[in-house]
>>> print(open('final-v8.tsv').read())   # TSV, C-alpha atoms
chain	number	residue	atom	x	y	z
K	173	MET	CA	-10.36	-14.45	28.40
K	174	GLU	CA	-9.05	-12.05	31.00
K	175	ALA	CA	-8.97	-8.33	30.30
K	176	ARG	CA	-5.21	-7.99	30.61
K	177	LYS	CA	-4.47	-10.49	27.85
K	178	ILE	CA	-7.01	-8.83	25.54
K	179	GLU	CA	-5.45	-5.43	26.14
K	180	MET	CA	-2.03	-6.88	25.42
K	181	LEU	CA	-3.17	-8.44	22.13
K	182	VAL	CA	-4.85	-5.19	21.05
K	183	GLY	CA	-1.54	-3.47	21.84
K	184	VAL	CA	0.29	-5.96	19.61
K	185	PHE	CA	-2.27	-5.34	16.86
K	186	VAL	CA	-1.87	-1.57	16.97
K	187	THR	CA	1.94	-1.84	17.14
K	188	ALA	CA	1.97	-4.11	14.09
K	189	ALA	CA	-0.18	-1.61	12.21
K	190	ILE	CA	2.15	1.25	13.15
K	191	ALA	CA	5.12	-0.83	12.02
K	192	ALA	CA	3.37	-1.37	8.68
K	193	ILE	CA	2.74	2.38	8.30
K	194	VAL	CA	6.37	3.17	9.14
K	195	PHE	CA	7.52	0.56	6.61
K	196	LEU	CA	5.30	2.11	3.94
K	197	ALA	CA	6.50	5.61	4.78
K	198	MET	CA	10.21	4.86	4.98
K	199	GLN	CA	10.81	2.07	2.52
K	200	VAL	CA	8.04	2.32	-0.06
K	201	ALA	CA	6.99	5.93	-0.37
K	202	ASN	CA	10.06	7.88	0.71
K	203	ASN	CA	13.74	7.79	0.11
K	204	SER	CA	15.83	6.04	2.69
K	205	ASP	CA	19.59	5.77	2.83
K	206	ALA	CA	20.04	2.05	2.37
K	207	THR	CA	23.52	1.68	0.97
K	208	ARG	CA	24.73	-1.08	3.22
K	209	GLY	CA	28.28	-1.83	4.30
K	210	GLU	CA	31.43	0.29	4.04
K	211	THR	CA	31.39	2.77	1.17
K	212	TYR	CA	33.39	5.62	-0.29
K	213	THR	CA	32.02	8.59	-2.18
K	214	LEU	CA	32.77	9.70	-5.74
K	215	TYR	CA	31.38	12.69	-7.61
K	216	ALA	CA	30.76	13.29	-11.29
K	217	LYS	CA	29.40	16.24	-13.24
K	218	PHE	CA	27.26	15.64	-16.28
K	219	ASP	CA	25.71	17.89	-18.90
K	220	ASN	CA	22.44	15.99	-18.70
K	221	ILE	CA	21.46	13.16	-16.41
K	222	GLY	CA	18.28	12.18	-18.25
K	223	GLY	CA	16.09	10.04	-16.01
K	224	LEU	CA	18.75	9.09	-13.44
K	225	LYS	CA	17.33	8.78	-9.92
K	226	VAL	CA	18.67	8.58	-6.42
K	227	ARG	CA	19.42	4.92	-5.53
K	228	SER	CA	20.00	4.00	-9.17
K	229	PRO	CA	22.83	1.45	-9.45
K	230	VAL	CA	26.43	2.21	-10.47
K	231	LYS	CA	27.74	-0.63	-12.63
K	232	VAL	CA	31.12	-1.71	-13.93
K	233	GLY	CA	30.60	-3.98	-16.91
K	234	GLY	CA	27.17	-4.90	-15.60
K	235	VAL	CA	28.29	-5.62	-12.00
K	236	VAL	CA	26.65	-3.39	-9.41
K	237	VAL	CA	29.41	-1.72	-7.35
K	238	GLY	CA	27.46	1.12	-5.75
K	239	ARG	CA	24.49	3.45	-5.79
K	240	VAL	CA	23.67	7.04	-6.63
K	241	THR	CA	23.07	8.77	-3.28
K	242	ARG	CA	22.43	12.39	-4.21
K	243	ILE	CA	21.70	14.45	-7.30
K	244	THR	CA	22.14	18.23	-7.07
K	245	LEU	CA	22.84	21.13	-9.37
K	246	ASP	CA	26.35	22.60	-9.29
K	247	ARG	CA	25.99	26.29	-8.29
K	248	GLU	CA	28.86	27.59	-10.41
K	249	TYR	CA	28.20	26.20	-13.88
K	250	PHE	CA	24.67	24.89	-13.33
K	251	GLU	CA	25.61	21.34	-14.17
K	252	PRO	CA	24.02	18.29	-12.53
K	253	LEU	CA	26.32	16.90	-9.83
K	254	VAL	CA	25.87	13.20	-9.04
K	255	GLU	CA	27.13	11.77	-5.76
K	256	MET	CA	27.81	8.04	-5.79
K	257	ARG	CA	28.63	5.68	-2.95
K	258	ILE	CA	30.86	2.82	-4.07
K	259	SER	CA	31.40	-0.23	-1.90
K	260	THR	CA	34.91	-0.44	-0.44
K	261	ASP	CA	35.09	-3.98	-1.87
K	262	PHE	CA	35.69	-2.23	-5.20
K	263	ARG	CA	38.54	0.15	-4.45
K	264	GLY	CA	41.31	1.41	-6.66
K	265	PHE	CA	39.70	2.56	-9.91
K	266	PRO	CA	42.26	4.71	-11.79
K	267	ASP	CA	41.42	8.42	-12.11
K	268	THR	CA	41.41	8.01	-15.89
K	269	SER	CA	38.10	6.15	-15.50
K	270	SER	CA	35.01	7.55	-17.13
K	271	VAL	CA	31.33	7.42	-16.24
K	272	SER	CA	28.34	7.51	-18.56
K	273	ILE	CA	24.61	7.36	-18.03
K	274	LEU	CA	23.19	4.30	-19.74
K	275	THR	CA	19.80	2.69	-20.05
K	276	SER	CA	19.12	-0.96	-19.35
K	277	GLY	CA	17.04	-2.28	-22.21
K	278	LEU	CA	14.85	-0.16	-24.44
K	279	LEU	CA	12.41	0.93	-21.74
K	280	GLY	CA	14.47	0.12	-18.66
K	281	GLU	CA	15.84	2.22	-15.83
K	282	GLN	CA	18.85	4.47	-16.25
K	283	TYR	CA	22.06	3.69	-14.39
K	284	VAL	CA	25.62	4.98	-14.13
K	285	GLY	CA	28.15	2.92	-16.09
K	286	LEU	CA	31.69	3.22	-14.77
K	287	GLU	CA	34.43	2.41	-17.32
K	288	PRO	CA	37.85	1.84	-15.66
K	289	GLY	CA	40.65	3.67	-17.50
K	290	PHE	CA	44.29	2.76	-18.21
K	291	ILE	CA	46.83	2.40	-15.43
K	292	ASP	CA	50.20	4.15	-15.66
K	293	GLU	CA	52.89	5.35	-13.24
K	294	ASP	CA	51.48	8.87	-13.04
K	295	VAL	CA	47.87	7.74	-12.78
K	296	PHE	CA	46.37	7.90	-9.27
K	297	THR	CA	43.52	5.84	-7.95
K	298	LEU	CA	40.14	7.34	-7.10
K	299	GLU	CA	39.74	7.92	-3.37
K	300	ASP	CA	36.88	9.08	-1.16
K	301	GLY	CA	35.55	12.47	-2.31
K	302	ASP	CA	37.29	12.49	-5.71
K	303	TYR	CA	35.71	13.74	-8.91
K	304	ILE	CA	35.52	11.76	-12.13
K	305	TYR	CA	36.14	14.25	-14.94
K	306	THR	CA	35.43	12.19	-18.04
K	307	THR	CA	31.66	11.89	-18.26
K	308	ASN	CA	29.17	11.08	-20.98
K	309	SER	CA	25.68	12.41	-20.59
K	310	ALA	CA	22.44	10.58	-20.98
K	311	ILE	CA	21.19	10.34	-24.53
K	312	VAL	CA	18.10	12.45	-24.96
K	313	LEU	CA	15.97	11.08	-27.75
K	314	GLU	CA	14.78	14.52	-28.94
K	315	ASN	CA	18.36	15.78	-29.33
K	316	LEU	CA	19.28	12.62	-31.22
K	317	ILE	CA	16.40	13.10	-33.64
K	318	GLY	CA	17.32	16.76	-34.00
K	319	GLN	CA	20.92	15.91	-34.88
K	320	PHE	CA	19.77	13.28	-37.34
K	321	LEU	CA	17.45	15.71	-39.10
K	322	PHE	CA	20.18	18.37	-39.17
K	323	SER	CA	22.70	15.99	-40.77
K	324	GLN	CA	20.08	14.94	-43.30
K	325	GLY	CA	19.57	18.57	-44.25
K	326	ASN	CA	23.28	19.10	-44.99
K	327	GLU	CA	23.45	16.46	-47.69
X	29	MET	CA	-50.15	-5.32	-14.62
X	30	LEU	CA	-51.27	-3.37	-11.59
X	31	ARG	CA	-49.85	-6.10	-9.44
X	32	PHE	CA	-46.46	-5.59	-11.10
X	33	PHE	CA	-46.44	-1.88	-10.26
X	34	GLN	CA	-47.55	-2.67	-6.74
X	35	GLN	CA	-44.64	-5.06	-6.37
X	36	VAL	CA	-42.11	-2.54	-7.71
X	37	GLY	CA	-43.52	0.13	-5.44
X	38	ARG	CA	-43.40	-2.09	-2.40
X	39	ASP	CA	-39.77	-3.13	-3.08
X	40	THR	CA	-38.74	0.49	-3.52
X	41	LEU	CA	-40.43	1.58	-0.32
X	42	THR	CA	-38.91	-1.34	1.60
X	43	THR	CA	-35.45	-0.45	0.36
X	44	ILE	CA	-35.85	3.22	1.25
X	45	ARG	CA	-37.25	2.32	4.66
X	46	GLY	CA	-34.28	0.01	5.23
X	47	ILE	CA	-31.78	2.75	4.39
X	48	GLY	CA	-33.65	5.16	6.64
X	49	GLU	CA	-33.80	2.71	9.55
X	50	ALA	CA	-30.11	1.93	9.14
X	51	SER	CA	-29.24	5.64	9.18
X	52	ILE	CA	-31.38	6.27	12.26
X	53	MET	CA	-29.76	3.30	14.00
X	54	LEU	CA	-26.26	4.58	13.26
X	55	VAL	CA	-27.07	8.16	14.28
X	56	GLN	CA	-28.69	7.06	17.55
X	57	ALA	CA	-25.79	4.77	18.32
X	58	LEU	CA	-23.09	7.33	17.70
X	59	ILE	CA	-24.60	10.67	18.74
X	60	GLY	CA	-24.84	11.40	22.40
X	61	LYS	CA	-22.73	12.37	25.35
X	62	PRO	CA	-19.41	10.50	25.15
X	63	GLN	CA	-18.80	8.20	28.07
X	64	PRO	CA	-15.13	7.36	27.77
X	65	ILE	CA	-14.74	5.48	31.06
X	66	LYS	CA	-17.68	3.20	30.42
X	67	MET	CA	-17.05	2.73	26.72
X	68	PHE	CA	-13.29	2.22	26.61
X	69	PRO	CA	-13.17	-1.36	27.99
X	70	LEU	CA	-16.01	-2.33	25.62
X	71	LEU	CA	-14.10	-0.84	22.71
X	72	ILE	CA	-10.90	-2.71	23.61
X	73	ARG	CA	-12.87	-5.94	23.85
X	74	GLN	CA	-14.39	-5.35	20.38
X	75	LEU	CA	-11.05	-4.30	18.89
X	76	TYR	CA	-9.80	-7.69	20.00
X	77	VAL	CA	-12.74	-9.56	18.45
X	78	VAL	CA	-12.91	-7.52	15.25
X	79	GLY	CA	-9.30	-6.51	14.69
X	80	VAL	CA	-6.89	-8.91	16.34
X	81	GLN	CA	-8.78	-12.00	15.33
X	82	SER	CA	-8.87	-10.86	11.68
X	83	MET	CA	-5.14	-10.14	11.65
X	84	LEU	CA	-3.92	-13.63	10.79
X	85	ILE	CA	-6.11	-14.09	7.70
X	86	ILE	CA	-5.22	-10.56	6.52
X	87	LEU	CA	-1.48	-11.09	6.92
X	88	ILE	CA	-1.45	-14.47	5.18
X	89	SER	CA	-3.68	-13.29	2.31
X	90	GLY	CA	-1.55	-10.17	1.89
X	91	LEU	CA	1.65	-12.17	1.70
X	92	PHE	CA	0.30	-14.55	-0.92
X	93	ILE	CA	-1.37	-11.83	-3.02
X	94	GLY	CA	1.88	-9.87	-3.09
X	95	MET	CA	3.80	-12.96	-4.13
X	96	VAL	CA	1.33	-13.82	-6.89
X	97	LEU	CA	1.38	-10.22	-8.17
X	98	ALA	CA	5.17	-10.32	-8.44
X	99	LEU	CA	5.15	-13.71	-10.14
X	100	GLN	CA	2.50	-12.75	-12.70
X	101	GLY	CA	3.88	-9.27	-13.30
X	102	TYR	CA	7.39	-10.57	-13.84
X	103	THR	CA	6.43	-12.94	-16.68
X	104	ILE	CA	4.99	-10.01	-18.65
X	105	LEU	CA	7.48	-7.29	-17.72
X	106	VAL	CA	10.51	-9.45	-18.49
X	107	ASP	CA	9.44	-9.56	-22.16
X	108	PHE	CA	10.00	-5.81	-22.35
X	109	GLY	CA	13.20	-5.85	-20.31
X	110	ALA	CA	11.36	-3.73	-17.76
X	111	GLU	CA	11.40	-6.08	-14.78
X	112	GLN	CA	12.51	-3.14	-12.59
X	113	ALA	CA	8.95	-1.87	-12.96
X	114	LEU	CA	7.89	-4.84	-10.83
X	115	GLY	CA	8.35	-2.79	-7.64
X	116	PRO	CA	5.96	0.03	-8.52
X	117	MET	CA	3.50	-2.44	-10.07
X	118	VAL	CA	3.25	-4.48	-6.88
X	119	ALA	CA	3.28	-1.45	-4.57
X	120	LEU	CA	0.75	0.63	-6.51
X	121	SER	CA	-1.72	-2.18	-7.08
X	122	LEU	CA	-1.57	-3.08	-3.38
X	123	LEU	CA	-1.73	0.44	-1.97
X	124	ARG	CA	-4.37	1.80	-4.33
X	125	GLU	CA	-6.66	-1.17	-4.91
X	126	LEU	CA	-5.96	-4.57	-3.47
X	127	GLY	CA	-5.04	-3.45	0.04
X	128	PRO	CA	-8.29	-1.64	0.85
X	129	VAL	CA	-10.59	-3.83	-1.29
X	130	VAL	CA	-9.39	-7.31	-0.39
X	131	THR	CA	-9.10	-6.30	3.26
X	132	ALA	CA	-12.71	-5.10	3.18
X	133	LEU	CA	-13.91	-8.31	1.49
X	134	LEU	CA	-12.05	-10.53	3.95
X	135	PHE	CA	-13.20	-8.32	6.81
X	136	ALA	CA	-16.82	-8.70	5.71
X	137	GLY	CA	-16.43	-12.46	5.63
X	138	ARG	CA	-14.42	-12.81	8.83
X	139	ALA	CA	-15.69	-10.06	11.15
X	140	GLY	CA	-18.88	-8.73	9.48
X	141	SER	CA	-20.65	-12.08	9.44
X	142	ALA	CA	-19.62	-12.70	13.06
X	143	LEU	CA	-21.02	-9.31	14.12
X	144	THR	CA	-24.35	-10.00	12.38
X	145	ALA	CA	-24.69	-13.45	13.89
X	146	GLU	CA	-23.77	-12.21	17.36
X	147	ILE	CA	-26.20	-9.30	17.41
X	148	GLY	CA	-28.88	-11.38	15.68
X	149	LEU	CA	-28.59	-14.03	18.36
X	150	MET	CA	-28.72	-11.34	21.05
X	151	ARG	CA	-32.02	-10.25	19.58
X	152	ALA	CA	-33.29	-13.83	19.23
X	153	THR	CA	-32.48	-14.63	22.85
X	154	GLU	CA	-33.98	-11.28	23.90
X	155	GLN	CA	-30.75	-10.00	25.40
X	156	LEU	CA	-31.32	-6.66	23.68
X	157	SER	CA	-34.79	-6.40	25.23
X	158	SER	CA	-33.32	-7.24	28.65
X	159	LEU	CA	-30.83	-4.41	28.26
X	160	GLU	CA	-33.68	-2.05	27.47
X	161	MET	CA	-35.52	-3.31	30.54
X	162	MET	CA	-32.49	-2.34	32.62
X	163	ALA	CA	-32.60	1.15	31.04
X	164	VAL	CA	-29.40	0.47	29.09
X	165	ASP	CA	-29.56	1.66	25.49
X	166	PRO	CA	-28.51	-1.39	23.41
X	167	LEU	CA	-27.59	0.89	20.51
X	168	ARG	CA	-24.98	2.65	22.60
X	169	ARG	CA	-23.91	-0.36	24.63
X	170	VAL	CA	-23.80	-3.02	21.89
X	171	VAL	CA	-23.75	-1.32	18.51
X	172	ALA	CA	-21.51	1.72	19.09
X	173	PRO	CA	-18.37	-0.06	20.35
X	174	ARG	CA	-18.58	-2.57	17.53
X	175	PHE	CA	-18.90	0.19	14.96
X	176	TRP	CA	-15.89	2.10	16.29
X	177	ALA	CA	-13.87	-1.10	16.52
X	178	GLY	CA	-14.54	-1.82	12.84
X	179	PHE	CA	-13.85	1.79	11.89
X	180	ILE	CA	-10.49	1.76	13.65
X	181	SER	CA	-9.25	-1.70	12.78
X	182	MET	CA	-10.04	-1.86	9.05
X	183	PRO	CA	-7.56	0.88	7.95
X	184	LEU	CA	-4.91	-0.63	10.22
X	185	LEU	CA	-5.53	-4.05	8.69
X	186	ALA	CA	-5.33	-2.54	5.19
X	187	PHE	CA	-1.95	-0.98	5.99
X	188	MET	CA	-0.68	-4.31	7.27
X	189	PHE	CA	-2.04	-6.05	4.17
X	190	SER	CA	-0.18	-3.68	1.83
X	191	ALA	CA	3.06	-3.81	3.80
X	192	VAL	CA	3.10	-7.59	3.98
X	193	GLY	CA	2.07	-7.84	0.31
X	194	ILE	CA	4.92	-5.58	-0.80
X	195	TYR	CA	7.30	-7.68	1.24
X	196	GLY	CA	5.89	-10.81	-0.43
X	197	GLY	CA	6.43	-9.19	-3.83
X	198	TYR	CA	9.99	-8.29	-2.82
X	199	PHE	CA	10.58	-11.85	-1.69
X	200	VAL	CA	9.45	-13.39	-4.98
X	201	GLY	CA	10.76	-10.68	-7.30
X	202	VAL	CA	14.17	-10.04	-5.81
X	203	GLN	CA	15.09	-13.15	-3.87
X	204	TRP	CA	13.66	-15.68	-6.26
X	205	LEU	CA	13.35	-14.20	-9.77
X	206	GLY	CA	16.46	-12.01	-9.51
X	207	VAL	CA	15.16	-8.47	-10.05
X	208	ASP	CA	17.81	-5.97	-8.88
X	209	ASP	CA	17.37	-5.18	-5.20
X	210	GLY	CA	18.08	-1.45	-5.39
X	211	ALA	CA	16.15	-0.94	-8.61
X	212	PHE	CA	13.13	-2.68	-7.09
X	213	TRP	CA	13.01	-0.23	-4.17
X	214	SER	CA	14.29	2.86	-5.99
X	215	VAL	CA	11.83	2.64	-8.86
X	216	MET	CA	9.08	1.93	-6.33
X	217	GLN	CA	10.02	4.95	-4.23
X	218	ALA	CA	10.22	7.11	-7.33
X	219	SER	CA	6.67	6.28	-8.37
X	220	VAL	CA	4.82	5.82	-5.06
X	221	ASP	CA	3.65	9.10	-3.60
X	222	TRP	CA	2.69	9.31	0.07
X	223	GLN	CA	-0.17	11.74	-0.45
X	224	HIS	CA	-1.52	10.46	-3.72
X	225	ASP	CA	-1.20	6.71	-3.27
X	226	VAL	CA	-0.89	5.81	0.41
X	227	MET	CA	-3.36	8.39	1.73
X	228	ASN	CA	-5.94	7.75	-0.98
X	229	GLY	CA	-5.79	4.05	-0.14
X	230	PHE	CA	-6.29	5.01	3.51
X	231	ILE	CA	-9.38	7.08	2.65
X	232	LYS	CA	-10.75	4.15	0.66
X	233	SER	CA	-10.31	1.77	3.57
X	234	LEU	CA	-12.04	4.24	5.92
X	235	VAL	CA	-15.06	4.38	3.60
X	236	PHE	CA	-15.15	0.59	3.32
X	237	ALA	CA	-14.85	0.29	7.09
X	238	VAL	CA	-17.96	2.42	7.62
X	239	VAL	CA	-19.95	0.59	4.95
X	240	VAL	CA	-19.06	-2.98	5.94
X	241	THR	CA	-19.48	-2.47	9.69
X	242	TRP	CA	-22.70	-0.53	9.20
X	243	ILE	CA	-24.27	-3.22	7.00
X	244	ALA	CA	-23.19	-5.97	9.41
X	245	LEU	CA	-24.62	-4.17	12.44
X	246	TYR	CA	-27.87	-3.20	10.74
X	247	LYS	CA	-28.47	-6.71	9.38
X	248	GLY	CA	-27.81	-8.20	12.80
X	249	TYR	CA	-29.94	-5.65	14.64
X	250	THR	CA	-32.95	-6.16	12.36
X	251	ALA	CA	-32.54	-9.92	11.84
X	252	MET	CA	-35.64	-12.08	12.21
X	253	PRO	CA	-35.23	-13.66	15.67
X	254	THR	CA	-35.26	-17.22	14.30
X	255	SER	CA	-32.58	-19.62	13.10
X	256	PRO	CA	-33.35	-19.11	9.38
X	257	GLY	CA	-33.62	-15.36	9.99
X	258	ILE	CA	-30.14	-15.11	11.47
X	259	SER	CA	-28.74	-17.35	8.76
X	260	ALA	CA	-30.29	-15.17	6.06
X	261	ALA	CA	-29.05	-11.99	7.76
X	262	THR	CA	-25.48	-13.33	7.90
X	263	THR	CA	-25.56	-14.24	4.22
X	264	GLN	CA	-26.99	-10.84	3.31
X	265	THR	CA	-24.23	-9.12	5.27
X	266	VAL	CA	-21.51	-10.79	3.26
X	267	VAL	CA	-23.27	-10.35	-0.09
X	268	TYR	CA	-24.32	-6.73	0.42
X	269	SER	CA	-20.99	-5.63	1.89
X	270	SER	CA	-19.01	-7.25	-0.92
X	271	LEU	CA	-21.19	-5.64	-3.58
X	272	ALA	CA	-21.11	-2.27	-1.82
X	273	VAL	CA	-17.31	-2.42	-1.46
X	274	LEU	CA	-16.73	-3.29	-5.12
X	275	GLY	CA	-19.22	-0.70	-6.36
X	276	LEU	CA	-17.89	2.06	-4.11
X	277	ASP	CA	-14.34	1.14	-5.07
X	278	PHE	CA	-15.11	1.97	-8.68
X	279	VAL	CA	-16.62	5.31	-7.73
X	280	LEU	CA	-13.74	6.20	-5.39
X	281	THR	CA	-11.12	5.14	-7.94
X	282	ALA	CA	-12.80	7.26	-10.60
X	283	LEU	CA	-12.81	10.24	-8.23
X	284	MET	CA	-9.24	9.81	-6.96
X	285	PHE	CA	-7.25	8.53	-9.91
X	286	GLY	CA	-9.59	9.11	-12.86
>>> encode(input="final-v8.tsv", output="structure tokens")
Amino acid sequence: MEARKIEMLVGVFVTAAIAAIVFLAMQVANNSDATRGETYTLYAKFDNIGGLKVRSPVKVGGVVVGRVTRITLDREYFEPLVEMRISTDFRGFPDTSSVSILTSGLLGEQYVGLEPGFIDEDVFTLEDGDYIYTTNSAIVLENLIGQFLFSQGNE
Amino acid sequence: MLRFFQQVGRDTLTTIRGIGEASIMLVQALIGKPQPIKMFPLLIRQLYVVGVQSMLIILISGLFIGMVLALQGYTILVDFGAEQALGPMVALSLLRELGPVVTALLFAGRAGSALTAEIGLMRATEQLSSLEMMAVDPLRRVVAPRFWAGFISMPLLAFMFSAVGIYGGYFVGVQWLGVDDGAFWSVMQASVDWQHDVMNGFIKSLVFAVVVTWIALYKGYTAMPTSPGISAATTQTVVYSSLAVLGLDFVLTALMFG
């Protein structure tokens, strides 16, 4: 086989290997922004986010409508601030909606559950950049046990 | 009784002599003034033989192993409602263990045996002696480029194996069995660490590359210059490299993740 063809095939080999390394770096080991399609952003502040992670799903009644894109700590009150990207296919949630952090199954991953609120004349819809004010934090097992023991002690 | 001790002693000395000869061979092949202009075309040629020609078997095996991992893992994880953990399971088992190890085993079978047979036949047909007659060092001309080709291509093949395997796991888990797309990747990203998992797998594959290529070259270089001799050397290459890879994998895993 001529030298040029061999060099070309070795080039293909090395390129494929580099592509594999890039795939491992970007998609498997690191975080990549992969919310596809048109989205709008909503924010919510929680007291405790438990084990919520970036790219966890946002669900309405079990249907995935978006993803968590960023988790930071609010500088003023030191509360966790969760940024969510919701697909524009699911527009028009009323601003009386509430979000809670739920767990799928007993050992499963945590996700954001969005509960649409009532609709009235003076209720606006949630638009890009809005905050959801009614939030329920993740249930922390230790706190739950603590409360249980405390209520037992009162009796 | 004395004969027994004599036998044990002889086997031990033969083994030690073999290790010593192999080390001397490797050192003589690799140490010396670098000759990039002369060596580079030889290296490219060997990268083609050792790396490119092993690519197909590595890619196909990786795809199927990833798919089987996802299929088997799902049946167990779904009982606990934890099928999102499929992503990290597939990715971690591929990056930490299966990628480097299975690549090394396949590499020993596909490229290692070919190297042994090729060099063994060169010895049998006295091509190595002819090179020496022409004042060309066969260790540097024949052995060194093959060693470097194996050393370079094995980690690259292991990366490809893991990447294709993870994609195979994604294909079965998400597209077929219905694990959530985002959860699959997000849980995987949350638990796979670049330094701890990907780089440790890379170090493993480098070690395996040295061991497998070294055994293949040594067995070929010292093969008996007869048909049964070359056949035995080829078999020994595959057996010894597989055992060395599996044994070393345990040691490396204990050191890295233990």
>>> closest_residue(input="final-v8.tsv", among="K:Arg247, K:Lys217, K:Lys177, K:Arg242", to="K:Asp302", atoms="only C-alpha atoms")
K:Lys217
>>> interface_residues(input="final-v8.tsv", of="chain K", to="chain X", cutoff="8 Å", atoms="only C-alpha atoms", output="ChimeraX atom specification")
/K:175,178-179,181-182,185-186,188-190,192-193,195-197,199-203,225-229,276-281
>>> closest_residue(input="final-v8.tsv", among="X:Ser269, X:Gly257, X:Phe92, X:Ala142", to="X:Val239", atoms="only C-alpha atoms")
X:Ser269
>>> residues_around(input="final-v8.tsv", residues="K:Val240", least_positions_apart="2", cutoff="10 Å", atoms="all atoms listed in the file", output="list of chain:residue names")
K:Thr207, K:Thr213, K:Leu214, K:Tyr215, K:Leu224, K:Lys225, K:Val226, K:Arg227, K:Ser228, K:Pro229, K:Val230, K:Gly238, K:Arg242, K:Ile243, K:Val254, K:Glu255, K:Met256, K:Arg257, K:Ile258, K:Tyr283, K:Val284
>>> atom_distance(input="final-v8.tsv", atom1="atom CA of X:Thr250", atom2="atom CA of X:Ile147")
9.0 Å
>>> residues_around(input="final-v8.tsv", residues="X:Ala261", least_positions_apart="6", cutoff="12 Å", atoms="only C-alpha atoms", output="PyMOL selection string")
chain X and resi 140-149+243-255+267-269
